[in-house]
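Below is run.txt, which holds compact mmCIF, C-alpha atoms.
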# COMPACT_ATOMS: atom_id res chain seq x y z
CA MET I 278 9.24 18.21 -3.35
CA ARG I 279 11.90 16.55 -1.23
CA LEU I 280 13.22 13.12 -2.05
CA LYS I 281 14.77 11.01 0.64
CA VAL I 282 16.88 7.93 -0.01
CA GLY I 283 18.76 6.30 2.83
CA ARG I 284 19.90 3.17 4.58
CA TRP I 285 18.22 2.25 7.81
CA GLU I 286 21.50 1.40 9.57
CA LYS I 287 22.61 5.02 9.18
CA VAL I 288 19.55 6.53 10.83
CA PRO I 289 20.15 7.38 14.52
CA GLU I 290 18.60 4.93 16.93
CA GLU I 291 16.71 5.97 20.06
CA VAL I 292 15.73 3.97 23.13
CA VAL I 293 12.01 3.27 23.54
CA SER I 294 11.74 3.86 27.27
CA SER I 295 8.24 2.39 27.60
CA ALA I 296 9.54 -1.06 26.59
CA LYS I 297 12.41 -3.41 27.41
CA GLY I 298 15.28 -3.83 24.95
CA LEU I 299 13.58 -1.86 22.18
CA TYR I 300 15.16 0.73 19.85
CA ARG I 301 13.51 2.93 17.24
CA ARG I 302 14.62 4.71 14.08
CA TRP I 303 12.42 7.26 12.32
CA LEU I 304 13.03 6.60 8.61
CA ILE I 305 10.32 8.74 6.96
CA THR I 306 8.25 11.27 8.89
CA PRO I 307 6.20 14.45 8.42
CA ARG I 308 9.45 16.39 8.91
CA ASP I 309 10.62 14.83 5.62
CA GLY I 310 7.42 16.10 4.03
CA ALA I 311 5.54 12.80 4.31
CA PRO I 312 1.93 13.99 4.48
CA ASN I 313 -0.01 10.88 5.48
CA PHE I 314 2.04 8.24 7.29
CA ALA I 315 5.43 7.59 8.85
CA MET I 316 7.88 4.70 8.51
CA ARG I 317 9.79 3.60 11.61
CA LEU I 318 12.18 0.70 12.08
CA PHE I 319 12.38 -1.10 15.41
CA ARG I 320 15.08 -3.38 16.77
CA MET I 321 14.21 -5.55 19.75
CA VAL I 322 17.06 -7.44 21.38
CA PRO I 323 16.67 -11.06 22.56
CA GLY I 324 14.58 -11.05 25.74
CA GLY I 325 13.10 -7.67 24.87
CA GLU I 326 9.39 -6.96 25.08
CA THR I 327 6.76 -4.28 24.95
CA PRO I 328 4.06 -4.25 27.63
CA PRO I 329 0.51 -4.81 26.35
CA HIS I 330 -0.90 -1.47 25.30
CA SER I 331 -3.37 0.09 22.90
CA HIS I 332 -4.02 3.44 21.31
CA ASP I 333 -6.35 5.08 18.82
CA TRP I 334 -4.18 4.70 15.72
CA GLU I 335 -3.32 1.66 13.63
CA HIS I 336 0.01 -0.11 13.06
CA GLU I 337 1.13 -1.67 9.79
CA VAL I 338 4.06 -3.96 10.58
CA PHE I 339 6.44 -6.04 8.47
CA ILE I 340 9.01 -8.33 10.10
CA LEU I 341 12.43 -7.98 8.47
CA SER I 342 14.53 -10.43 10.49
CA GLY I 343 14.63 -12.41 13.71
CA ARG I 344 11.92 -14.30 15.54
CA GLY I 345 9.38 -13.36 18.15
CA ARG I 346 5.78 -13.37 19.26
CA ALA I 347 2.96 -10.86 19.15
CA THR I 348 0.01 -10.98 21.50
CA LEU I 349 -2.91 -9.25 19.82
CA ASP I 350 -6.24 -8.92 21.55
CA GLY I 351 -5.20 -11.80 23.84
CA GLU I 352 -4.13 -14.19 21.09
CA GLU I 353 -0.54 -15.20 20.25
CA TYR I 354 1.04 -15.08 16.80
CA GLU I 355 4.50 -16.22 15.76
CA LEU I 356 6.68 -13.67 13.99
CA SER I 357 9.50 -14.26 11.55
CA SER I 358 10.96 -12.60 8.49
CA GLY I 359 8.12 -12.01 6.03
CA THR I 360 5.24 -11.83 8.53
CA PHE I 361 3.05 -8.76 8.20
CA LEU I 362 0.46 -7.45 10.65
CA PHE I 363 -2.36 -4.97 10.57
CA ILE I 364 -3.19 -3.87 14.13
CA PRO I 365 -6.23 -1.58 14.07
CA GLY I 366 -6.58 1.29 16.52
CA GLY I 367 -7.91 0.16 19.90
CA VAL I 368 -6.51 -3.39 19.71
CA GLU I 369 -4.28 -4.35 22.64
CA HIS I 370 -0.89 -5.53 21.41
CA ALA I 371 2.46 -6.64 22.81
CA PHE I 372 5.66 -7.86 21.15
CA GLN I 373 8.30 -10.21 22.51
CA ASN I 374 11.64 -11.38 21.19
CA ASP I 375 12.02 -14.98 22.33
CA GLY I 376 14.65 -15.72 19.69
CA ARG I 377 18.44 -15.53 19.74
CA GLU I 378 18.85 -12.66 17.30
CA ASP I 379 17.52 -9.14 17.12
CA LEU I 380 13.92 -8.91 16.00
CA VAL I 381 13.88 -6.16 13.37
CA PHE I 382 10.64 -4.81 11.93
CA LEU I 383 9.05 -1.88 10.19
CA CYS I 384 6.07 -0.30 11.93
CA LEU I 385 4.17 2.41 10.09
CA VAL I 386 1.69 4.78 11.67
CA PRO I 387 -0.52 7.62 10.42
CA ALA I 388 1.03 11.09 10.53
CA SER I 389 -1.40 12.07 13.27
CA ALA I 390 0.37 9.61 15.62
CA VAL I 391 3.83 11.12 15.12
CA PRO I 392 5.02 13.24 18.07
CA PRO I 393 5.97 16.86 17.34
CA GLY I 394 9.58 17.21 16.29
CA LYS I 395 9.86 13.79 14.61
CA MET F 53 -11.67 -4.06 14.84
CA ARG F 54 -10.15 -6.57 12.46
CA LEU F 55 -6.66 -7.92 12.96
CA LYS F 56 -4.73 -9.28 10.04
CA VAL F 57 -1.59 -11.40 10.37
CA GLY F 58 -0.13 -13.07 7.32
CA ARG F 59 2.90 -14.07 5.32
CA TRP F 60 3.60 -12.16 2.14
CA GLU F 61 4.36 -15.31 0.12
CA LYS F 62 0.77 -16.50 0.66
CA VAL F 63 -0.87 -13.35 -0.69
CA PRO F 64 -1.94 -13.73 -4.35
CA GLU F 65 0.34 -11.99 -6.82
CA GLU F 66 -0.92 -9.92 -9.74
CA VAL F 67 0.88 -8.73 -12.86
CA VAL F 68 1.53 -4.99 -13.07
CA SER F 69 0.70 -4.50 -16.72
CA SER F 70 2.11 -0.97 -16.91
CA ALA F 71 5.64 -2.28 -16.20
CA LYS F 72 7.95 -5.06 -17.38
CA GLY F 73 8.54 -8.06 -15.13
CA LEU F 74 6.74 -6.57 -12.13
CA TYR F 75 4.32 -8.32 -9.77
CA ARG F 76 2.28 -6.87 -6.93
CA ARG F 77 0.72 -8.20 -3.73
CA TRP F 78 -1.73 -6.15 -1.67
CA LEU F 79 -0.84 -6.98 1.94
CA ILE F 80 -2.89 -4.41 3.89
CA THR F 81 -5.56 -2.25 2.28
CA PRO F 82 -8.70 -0.28 3.07
CA ARG F 83 -10.65 -3.52 2.50
CA ASP F 84 -8.89 -4.86 5.59
CA GLY F 85 -10.08 -1.79 7.46
CA ALA F 86 -6.81 0.15 7.10
CA PRO F 87 -8.04 3.75 7.23
CA ASN F 88 -5.00 5.77 6.17
CA PHE F 89 -2.47 3.87 4.06
CA ALA F 90 -1.91 0.60 2.25
CA MET F 91 1.02 -1.84 2.25
CA ARG F 92 1.94 -3.52 -1.03
CA LEU F 93 4.82 -5.85 -1.84
CA PHE F 94 6.40 -5.81 -5.29
CA ARG F 95 8.61 -8.40 -6.95
CA MET F 96 10.58 -7.31 -9.99
CA VAL F 97 12.38 -10.04 -11.92
CA PRO F 98 15.93 -9.52 -13.28
CA GLY F 99 15.69 -7.25 -16.32
CA GLY F 100 12.37 -5.86 -15.14
CA GLU F 101 11.61 -2.16 -15.08
CA THR F 102 8.92 0.44 -14.62
CA PRO F 103 8.70 3.29 -17.10
CA PRO F 104 9.31 6.76 -15.63
CA HIS F 105 6.04 8.06 -14.28
CA SER F 106 4.62 10.36 -11.64
CA HIS F 107 1.37 10.88 -9.79
CA ASP F 108 -0.13 13.03 -7.08
CA TRP F 109 0.47 10.67 -4.16
CA GLU F 110 3.64 9.70 -2.33
CA HIS F 111 5.46 6.38 -2.08
CA GLU F 112 7.25 5.08 1.00
CA VAL F 113 9.49 2.23 -0.12
CA PHE F 114 11.72 -0.27 1.71
CA ILE F 115 13.93 -2.70 -0.23
CA LEU F 116 13.71 -6.22 1.20
CA SER F 117 16.04 -8.15 -1.11
CA GLY F 118 17.82 -8.03 -4.44
CA ARG F 119 19.57 -5.20 -6.21
CA GLY F 120 18.45 -2.50 -8.58
CA ARG F 121 18.34 1.16 -9.45
CA ALA F 122 15.83 3.93 -9.01
CA THR F 123 15.77 7.03 -11.17
CA LEU F 124 14.14 9.83 -9.20
CA ASP F 125 13.68 13.24 -10.68
CA GLY F 126 16.41 12.40 -13.21
CA GLU F 127 18.97 11.17 -10.70
CA GLU F 128 20.07 7.56 -10.16
CA TYR F 129 20.18 5.76 -6.81
CA GLU F 130 21.42 2.25 -6.06
CA LEU F 131 19.01 -0.06 -4.30
CA SER F 132 19.76 -3.03 -2.09
CA SER F 133 18.32 -4.70 0.99
CA GLY F 134 17.87 -2.03 3.65
CA THR F 135 17.49 1.00 1.36
CA PHE F 136 14.42 3.13 2.02
CA LEU F 137 12.95 5.85 -0.19
CA PHE F 138 10.45 8.64 0.24
CA ILE F 139 9.13 9.68 -3.16
CA PRO F 140 6.82 12.69 -2.78
CA GLY F 141 3.81 13.16 -5.02
CA GLY F 142 4.71 14.72 -8.36
CA VAL F 143 8.28 13.32 -8.49
CA GLU F 144 9.04 11.30 -11.61
CA HIS F 145 10.33 7.86 -10.68
CA ALA F 146 11.39 4.62 -12.35
CA PHE F 147 12.74 1.34 -10.99
CA GLN F 148 15.00 -1.17 -12.66
CA ASN F 149 16.29 -4.58 -11.62
CA ASP F 150 19.82 -4.85 -13.02
CA GLY F 151 20.74 -7.64 -10.60
CA ARG F 152 20.58 -11.41 -10.88
CA GLU F 153 17.87 -12.00 -8.30
CA ASP F 154 14.37 -10.75 -7.80
CA LEU F 155 14.18 -7.22 -6.45
CA VAL F 156 11.59 -7.38 -3.66
CA PHE F 157 10.31 -4.25 -1.94
CA LEU F 158 7.50 -2.80 0.09
CA CYS F 159 5.78 0.25 -1.36
CA LEU F 160 3.18 2.00 0.77
CA VAL F 161 0.69 4.55 -0.49
CA PRO F 162 -2.08 6.63 1.06
CA ALA F 163 -5.53 5.05 1.09
CA SER F 164 -6.71 7.64 -1.43
CA ALA F 165 -4.39 6.05 -4.04
CA VAL F 166 -5.84 2.56 -3.67
CA PRO F 167 -8.14 1.53 -6.55
CA PRO F 168 -11.70 0.50 -5.65
CA GLY F 169 -11.96 -3.20 -4.81
CA LYS F 170 -8.44 -3.53 -3.36

Let me see whether you can do it: turn the structure in this file into structure tokens.
Amino acid sequence: MRLKVGRWEKVPEEVVSSAKGLYRRWLITPRDGAPNFAMRLFRMVPGGETPPHSHDWEHEVFILSGRGRATLDGEEYELSSGTFLFIPGGVEHAFQNDGREDLVFLCLVPASAVPPGK
Amino acid sequence: MRLKVGRWEKVPEEVVSSAKGLYRRWLITPRDGAPNFAMRLFRMVPGGETPPHSHDWEHEVFILSGRGRATLDGEEYELSSGTFLFIPGGVEHAFQNDGREDLVFLCLVPASAVPPGK
């Protein structure tokens, strides 16, 4: 029975080396005792992007601030504060920040997708 | 393989009858094909509150806007935009909006906690 209350700005940020201009914070993970899913916060700088990729697990995403585009299964979607996305496992997805500010978003994944040690 | 992209403001809002001044939107649920966890968005009006309660499943919460307080296991925490909370199953929790604006937050739960039909 471990509570966790924090502010995202205070969580250490790590570089996501598989993308361009993308940084990740692990807010709530199995290491905190979260049994089923993990909450991460991403910050993508202007001009940043992830290459198109897919994997077995789903994403649940909520855009907090900034503007950008997602390409999901070949189709483009505009992103801004208040957009949410469900990206099922197996769907090819890519994100791009074509705005002037950081694109900041939550992306939650099942616990089974969290690497050991996180 | 069903994508879902939406804006939270466009999702129908329902009254949470067990609380005061609290409204819920189901953004991503098992009905959308989400296999492991569900994303809900809550809006609590100024003066609104939930009674202290607990249940077997966890909450993962992220405050989007507004100000308020959470009482978790008897201890008080201030809430504002950017606060995140992990509330394990079995921990008594209550929320209160003591600010002047709506307190808006995401609260995610495991799929097993989603009522049939949602």

Which polymer residues, protein or nucleic acid, are no farther than 8 Å from (4.2, 5.3, 7.8), counting all atoms listed in the file, as a ChimeraX atom specification? /I:305-306,313-317,337,384-388 /F:89,112,160

Can I get the selection written as a PDB file, keeping the file's coordinate frame, with C-alpha atoms?
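Below is the file that was written, part_20.pdb:
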ATOM      1  CA  ILE I 305      10.320   8.740   6.960  1.00  0.00           C
ATOM      2  CA  THR I 306       8.250  11.270   8.890  1.00  0.00           C
ATOM      3  CA  ASN I 313      -0.010  10.880   5.480  1.00  0.00           C
ATOM      4  CA  PHE I 314       2.040   8.240   7.290  1.00  0.00           C
ATOM      5  CA  ALA I 315       5.430   7.590   8.850  1.00  0.00           C
ATOM      6  CA  MET I 316       7.880   4.700   8.510  1.00  0.00           C
ATOM      7  CA  ARG I 317       9.790   3.600  11.610  1.00  0.00           C
ATOM      8  CA  GLU I 337       1.130  -1.670   9.790  1.00  0.00           C
ATOM      9  CA  CYS I 384       6.070  -0.300  11.930  1.00  0.00           C
ATOM     10  CA  LEU I 385       4.170   2.410  10.090  1.00  0.00           C
ATOM     11  CA  VAL I 386       1.690   4.780  11.670  1.00  0.00           C
ATOM     12  CA  PRO I 387      -0.520   7.620  10.420  1.00  0.00           C
ATOM     13  CA  ALA I 388       1.030  11.090  10.530  1.00  0.00           C
TER      14      ALA I 388
ATOM     15  CA  PHE F  89      -2.470   3.870   4.060  1.00  0.00           C
ATOM     16  CA  GLU F 112       7.250   5.080   1.000  1.00  0.00           C
ATOM     17  CA  LEU F 160       3.180   2.000   0.770  1.00  0.00           C
TER      18      LEU F 160
END

Atomic distance atom CA of F:Phe138 - atom CA of F:Phe114, expressed in Å with one decimal: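 Distance between the two atoms: 9.1 Å.
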
Take chain I, lay it over chain F with a least-squares fit on all the Cα atoms in order, then hand it over as a PDB file with C-alpha atoms, in the frame of the given file.
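The resulting part35.pdb:
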ATOM      1  CA  MET I 278     -11.693  -4.096  14.833  1.00  0.00           C
ATOM      2  CA  ARG I 279     -10.151  -6.597  12.446  1.00  0.00           C
ATOM      3  CA  LEU I 280      -6.665  -7.926  12.962  1.00  0.00           C
ATOM      4  CA  LYS I 281      -4.719  -9.277  10.051  1.00  0.00           C
ATOM      5  CA  VAL I 282      -1.587 -11.387  10.369  1.00  0.00           C
ATOM      6  CA  GLY I 283      -0.127 -13.064   7.317  1.00  0.00           C
ATOM      7  CA  ARG I 284       2.894 -14.054   5.304  1.00  0.00           C
ATOM      8  CA  TRP I 285       3.593 -12.162   2.136  1.00  0.00           C
ATOM      9  CA  GLU I 286       4.354 -15.314   0.120  1.00  0.00           C
ATOM     10  CA  LYS I 287       0.776 -16.489   0.666  1.00  0.00           C
ATOM     11  CA  VAL I 288      -0.861 -13.349  -0.686  1.00  0.00           C
ATOM     12  CA  PRO I 289      -1.940 -13.725  -4.346  1.00  0.00           C
ATOM     13  CA  GLU I 290       0.340 -11.996  -6.802  1.00  0.00           C
ATOM     14  CA  GLU I 291      -0.913  -9.925  -9.733  1.00  0.00           C
ATOM     15  CA  VAL I 292       0.880  -8.729 -12.854  1.00  0.00           C
ATOM     16  CA  VAL I 293       1.523  -4.982 -13.069  1.00  0.00           C
ATOM     17  CA  SER I 294       0.694  -4.484 -16.730  1.00  0.00           C
ATOM     18  CA  SER I 295       2.112  -0.953 -16.927  1.00  0.00           C
ATOM     19  CA  ALA I 296       5.630  -2.273 -16.222  1.00  0.00           C
ATOM     20  CA  LYS I 297       7.945  -5.057 -17.371  1.00  0.00           C
ATOM     21  CA  GLY I 298       8.544  -8.072 -15.131  1.00  0.00           C
ATOM     22  CA  LEU I 299       6.741  -6.574 -12.139  1.00  0.00           C
ATOM     23  CA  TYR I 300       4.318  -8.329  -9.756  1.00  0.00           C
ATOM     24  CA  ARG I 301       2.276  -6.874  -6.912  1.00  0.00           C
ATOM     25  CA  ARG I 302       0.710  -8.202  -3.723  1.00  0.00           C
ATOM     26  CA  TRP I 303      -1.740  -6.149  -1.669  1.00  0.00           C
ATOM     27  CA  LEU I 304      -0.840  -6.984   1.946  1.00  0.00           C
ATOM     28  CA  ILE I 305      -2.892  -4.410   3.897  1.00  0.00           C
ATOM     29  CA  THR I 306      -5.556  -2.252   2.267  1.00  0.00           C
ATOM     30  CA  PRO I 307      -8.715  -0.274   3.067  1.00  0.00           C
ATOM     31  CA  ARG I 308     -10.657  -3.509   2.494  1.00  0.00           C
ATOM     32  CA  ASP I 309      -8.881  -4.866   5.597  1.00  0.00           C
ATOM     33  CA  GLY I 310     -10.072  -1.788   7.466  1.00  0.00           C
ATOM     34  CA  ALA I 311      -6.812   0.145   7.098  1.00  0.00           C
ATOM     35  CA  PRO I 312      -8.038   3.744   7.235  1.00  0.00           C
ATOM     36  CA  ASN I 313      -5.014   5.780   6.166  1.00  0.00           C
ATOM     37  CA  PHE I 314      -2.479   3.880   4.066  1.00  0.00           C
ATOM     38  CA  ALA I 315      -1.903   0.604   2.255  1.00  0.00           C
ATOM     39  CA  MET I 316       1.022  -1.829   2.254  1.00  0.00           C
ATOM     40  CA  ARG I 317       1.937  -3.525  -1.025  1.00  0.00           C
ATOM     41  CA  LEU I 318       4.820  -5.846  -1.829  1.00  0.00           C
ATOM     42  CA  PHE I 319       6.405  -5.814  -5.272  1.00  0.00           C
ATOM     43  CA  ARG I 320       8.615  -8.395  -6.943  1.00  0.00           C
ATOM     44  CA  MET I 321      10.584  -7.313  -9.992  1.00  0.00           C
ATOM     45  CA  VAL I 322      12.388 -10.031 -11.917  1.00  0.00           C
ATOM     46  CA  PRO I 323      15.922  -9.524 -13.296  1.00  0.00           C
ATOM     47  CA  GLY I 324      15.693  -7.238 -16.329  1.00  0.00           C
ATOM     48  CA  GLY I 325      12.364  -5.856 -15.154  1.00  0.00           C
ATOM     49  CA  GLU I 326      11.613  -2.149 -15.082  1.00  0.00           C
ATOM     50  CA  THR I 327       8.926   0.436 -14.615  1.00  0.00           C
ATOM     51  CA  PRO I 328       8.704   3.299 -17.110  1.00  0.00           C
ATOM     52  CA  PRO I 329       9.317   6.768 -15.643  1.00  0.00           C
ATOM     53  CA  HIS I 330       6.039   8.069 -14.297  1.00  0.00           C
ATOM     54  CA  SER I 331       4.616  10.363 -11.650  1.00  0.00           C
ATOM     55  CA  HIS I 332       1.370  10.871  -9.813  1.00  0.00           C
ATOM     56  CA  ASP I 333      -0.126  13.020  -7.081  1.00  0.00           C
ATOM     57  CA  TRP I 334       0.468  10.662  -4.156  1.00  0.00           C
ATOM     58  CA  GLU I 335       3.641   9.708  -2.322  1.00  0.00           C
ATOM     59  CA  HIS I 336       5.470   6.370  -2.078  1.00  0.00           C
ATOM     60  CA  GLU I 337       7.244   5.064   1.008  1.00  0.00           C
ATOM     61  CA  VAL I 338       9.502   2.217  -0.110  1.00  0.00           C
ATOM     62  CA  PHE I 339      11.731  -0.266   1.708  1.00  0.00           C
ATOM     63  CA  ILE I 340      13.933  -2.701  -0.224  1.00  0.00           C
ATOM     64  CA  LEU I 341      13.714  -6.221   1.203  1.00  0.00           C
ATOM     65  CA  SER I 342      16.047  -8.160  -1.098  1.00  0.00           C
ATOM     66  CA  GLY I 343      17.818  -8.032  -4.437  1.00  0.00           C
ATOM     67  CA  ARG I 344      19.566  -5.190  -6.205  1.00  0.00           C
ATOM     68  CA  GLY I 345      18.442  -2.501  -8.583  1.00  0.00           C
ATOM     69  CA  ARG I 346      18.353   1.162  -9.459  1.00  0.00           C
ATOM     70  CA  ALA I 347      15.833   3.939  -9.011  1.00  0.00           C
ATOM     71  CA  THR I 348      15.779   7.033 -11.171  1.00  0.00           C
ATOM     72  CA  LEU I 349      14.137   9.820  -9.202  1.00  0.00           C
ATOM     73  CA  ASP I 350      13.671  13.249 -10.691  1.00  0.00           C
ATOM     74  CA  GLY I 351      16.408  12.390 -13.220  1.00  0.00           C
ATOM     75  CA  GLU I 352      18.976  11.177 -10.701  1.00  0.00           C
ATOM     76  CA  GLU I 353      20.066   7.553 -10.157  1.00  0.00           C
ATOM     77  CA  TYR I 354      20.179   5.757  -6.815  1.00  0.00           C
ATOM     78  CA  GLU I 355      21.410   2.252  -6.072  1.00  0.00           C
ATOM     79  CA  LEU I 356      18.995  -0.066  -4.287  1.00  0.00           C
ATOM     80  CA  SER I 357      19.762  -3.028  -2.074  1.00  0.00           C
ATOM     81  CA  SER I 358      18.312  -4.698   0.985  1.00  0.00           C
ATOM     82  CA  GLY I 359      17.858  -2.026   3.654  1.00  0.00           C
ATOM     83  CA  THR I 360      17.496   1.004   1.359  1.00  0.00           C
ATOM     84  CA  PHE I 361      14.436   3.132   2.021  1.00  0.00           C
ATOM     85  CA  LEU I 362      12.952   5.856  -0.170  1.00  0.00           C
ATOM     86  CA  PHE I 363      10.460   8.635   0.246  1.00  0.00           C
ATOM     87  CA  ILE I 364       9.129   9.676  -3.177  1.00  0.00           C
ATOM     88  CA  PRO I 365       6.824  12.679  -2.779  1.00  0.00           C
ATOM     89  CA  GLY I 366       3.801  13.149  -5.015  1.00  0.00           C
ATOM     90  CA  GLY I 367       4.702  14.703  -8.368  1.00  0.00           C
ATOM     91  CA  VAL I 368       8.268  13.336  -8.492  1.00  0.00           C
ATOM     92  CA  GLU I 369       9.057  11.308 -11.613  1.00  0.00           C
ATOM     93  CA  HIS I 370      10.339   7.861 -10.679  1.00  0.00           C
ATOM     94  CA  ALA I 371      11.384   4.620 -12.358  1.00  0.00           C
ATOM     95  CA  PHE I 372      12.732   1.336 -10.986  1.00  0.00           C
ATOM     96  CA  GLN I 373      15.012  -1.185 -12.658  1.00  0.00           C
ATOM     97  CA  ASN I 374      16.290  -4.588 -11.630  1.00  0.00           C
ATOM     98  CA  ASP I 375      19.812  -4.852 -13.017  1.00  0.00           C
ATOM     99  CA  GLY I 376      20.740  -7.635 -10.603  1.00  0.00           C
ATOM    100  CA  ARG I 377      20.577 -11.416 -10.883  1.00  0.00           C
ATOM    101  CA  GLU I 378      17.872 -12.013  -8.297  1.00  0.00           C
ATOM    102  CA  ASP I 379      14.360 -10.739  -7.811  1.00  0.00           C
ATOM    103  CA  LEU I 380      14.174  -7.221  -6.451  1.00  0.00           C
ATOM    104  CA  VAL I 381      11.597  -7.380  -3.655  1.00  0.00           C
ATOM    105  CA  PHE I 382      10.316  -4.253  -1.929  1.00  0.00           C
ATOM    106  CA  LEU I 383       7.490  -2.812   0.091  1.00  0.00           C
ATOM    107  CA  CYS I 384       5.779   0.253  -1.352  1.00  0.00           C
ATOM    108  CA  LEU I 385       3.177   2.001   0.773  1.00  0.00           C
ATOM    109  CA  VAL I 386       0.692   4.548  -0.492  1.00  0.00           C
ATOM    110  CA  PRO I 387      -2.080   6.640   1.073  1.00  0.00           C
ATOM    111  CA  ALA I 388      -5.537   5.059   1.084  1.00  0.00           C
ATOM    112  CA  SER I 389      -6.709   7.646  -1.428  1.00  0.00           C
ATOM    113  CA  ALA I 390      -4.390   6.057  -4.037  1.00  0.00           C
ATOM    114  CA  VAL I 391      -5.838   2.555  -3.665  1.00  0.00           C
ATOM    115  CA  PRO I 392      -8.133   1.529  -6.545  1.00  0.00           C
ATOM    116  CA  PRO I 393     -11.691   0.491  -5.650  1.00  0.00           C
ATOM    117  CA  GLY I 394     -11.945  -3.182  -4.813  1.00  0.00           C
ATOM    118  CA  LYS I 395      -8.423  -3.527  -3.373  1.00  0.00           C
TER     119      LYS I 395
END

Tell me, counting only C-alpha atoms, for each residue of chain F within 7 Å of chain I, which pair of atoms is nearest and how far apart they are in Å to one decimal, in rows ordered by chain and increasing number, as a Markdown table.
| residue | atom | partner | partner_atom | distance |
| --- | --- | --- | --- | --- |
| F:Met53 | CA | I:Pro365 | CA | 6.0 |
| F:Arg54 | CA | I:Pro365 | CA | 6.5 |
| F:Leu55 | CA | I:Ile364 | CA | 5.5 |
| F:Lys56 | CA | I:Phe363 | CA | 4.9 |
| F:Val57 | CA | I:Leu362 | CA | 4.5 |
| F:Gly58 | CA | I:Phe361 | CA | 5.4 |
| F:Arg59 | CA | I:Thr360 | CA | 4.6 |
| F:Trp60 | CA | I:Gly359 | CA | 6.0 |
| F:Ile80 | CA | I:Phe363 | CA | 6.7 |
| F:Asn88 | CA | I:Pro387 | CA | 6.4 |
| F:Gly134 | CA | I:Arg284 | CA | 5.7 |
| F:Thr135 | CA | I:Arg284 | CA | 4.6 |
| F:Phe136 | CA | I:Gly283 | CA | 5.4 |
| F:Leu137 | CA | I:Val282 | CA | 4.5 |
| F:Phe138 | CA | I:Lys281 | CA | 4.9 |
| F:Ile139 | CA | I:Leu280 | CA | 5.5 |
| F:Pro140 | CA | I:Met278 | CA | 6.1 |
| F:Pro162 | CA | I:Asn313 | CA | 6.5 |

What gap, in Å, lies between atom CA of I:Lys287 and atom CA of I:Val381?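 Between atom CA of I:Lys287 and atom CA of I:Val381 the gap works out to 14.8 Å.
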
Using all atoms listed in the file: which of F:Glu144, F:Leu93, F:Gly169, F:Thr102 has the shortest distance to F:Phe157: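 Counting all atoms listed in the file, the residue closest to F:Phe157 is F:Leu93.
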
Figure out the distance between atom CA of F:Pro82 and atom CA of I:Pro307, please, to one decimal in Å.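 So the answer is 21.6 Å.
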
Please identify all polymer residues lying at most 12 Å from the point (12.9, -6.7, -10.9) (file coordinates), using all atoms listed in the file, and present the result as a PDB file with C-alpha atoms, keeping the file's coordinate frame.
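Heads up, here's the output in selection_27.pdb:
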ATOM      1  CA  VAL F  68       1.530  -4.990 -13.070  1.00  0.00           C
ATOM      2  CA  ALA F  71       5.640  -2.280 -16.200  1.00  0.00           C
ATOM      3  CA  LYS F  72       7.950  -5.060 -17.380  1.00  0.00           C
ATOM      4  CA  GLY F  73       8.540  -8.060 -15.130  1.00  0.00           C
ATOM      5  CA  LEU F  74       6.740  -6.570 -12.130  1.00  0.00           C
ATOM      6  CA  TYR F  75       4.320  -8.320  -9.770  1.00  0.00           C
ATOM      7  CA  ARG F  76       2.280  -6.870  -6.930  1.00  0.00           C
ATOM      8  CA  PHE F  94       6.400  -5.810  -5.290  1.00  0.00           C
ATOM      9  CA  ARG F  95       8.610  -8.400  -6.950  1.00  0.00           C
ATOM     10  CA  MET F  96      10.580  -7.310  -9.990  1.00  0.00           C
ATOM     11  CA  VAL F  97      12.380 -10.040 -11.920  1.00  0.00           C
ATOM     12  CA  PRO F  98      15.930  -9.520 -13.280  1.00  0.00           C
ATOM     13  CA  GLY F  99      15.690  -7.250 -16.320  1.00  0.00           C
ATOM     14  CA  GLY F 100      12.370  -5.860 -15.140  1.00  0.00           C
ATOM     15  CA  GLU F 101      11.610  -2.160 -15.080  1.00  0.00           C
ATOM     16  CA  THR F 102       8.920   0.440 -14.620  1.00  0.00           C
ATOM     17  CA  ILE F 115      13.930  -2.700  -0.230  1.00  0.00           C
ATOM     18  CA  SER F 117      16.040  -8.150  -1.110  1.00  0.00           C
ATOM     19  CA  GLY F 118      17.820  -8.030  -4.440  1.00  0.00           C
ATOM     20  CA  ARG F 119      19.570  -5.200  -6.210  1.00  0.00           C
ATOM     21  CA  GLY F 120      18.450  -2.500  -8.580  1.00  0.00           C
ATOM     22  CA  ARG F 121      18.340   1.160  -9.450  1.00  0.00           C
ATOM     23  CA  ALA F 122      15.830   3.930  -9.010  1.00  0.00           C
ATOM     24  CA  LEU F 131      19.010  -0.060  -4.300  1.00  0.00           C
ATOM     25  CA  SER F 132      19.760  -3.030  -2.090  1.00  0.00           C
ATOM     26  CA  ALA F 146      11.390   4.620 -12.350  1.00  0.00           C
ATOM     27  CA  PHE F 147      12.740   1.340 -10.990  1.00  0.00           C
ATOM     28  CA  GLN F 148      15.000  -1.170 -12.660  1.00  0.00           C
ATOM     29  CA  ASN F 149      16.290  -4.580 -11.620  1.00  0.00           C
ATOM     30  CA  ASP F 150      19.820  -4.850 -13.020  1.00  0.00           C
ATOM     31  CA  GLY F 151      20.740  -7.640 -10.600  1.00  0.00           C
ATOM     32  CA  ARG F 152      20.580 -11.410 -10.880  1.00  0.00           C
ATOM     33  CA  GLU F 153      17.870 -12.000  -8.300  1.00  0.00           C
ATOM     34  CA  ASP F 154      14.370 -10.750  -7.800  1.00  0.00           C
ATOM     35  CA  LEU F 155      14.180  -7.220  -6.450  1.00  0.00           C
ATOM     36  CA  VAL F 156      11.590  -7.380  -3.660  1.00  0.00           C
ATOM     37  CA  PHE F 157      10.310  -4.250  -1.940  1.00  0.00           C
TER      38      PHE F 157
END

Pick from F:His105, F:His145, F:Val166, F:Glu128, whichever lies nearest to F:Ser70 using only C-alpha atoms: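 Distance minimum relative to F:Ser70 lands on F:His105.
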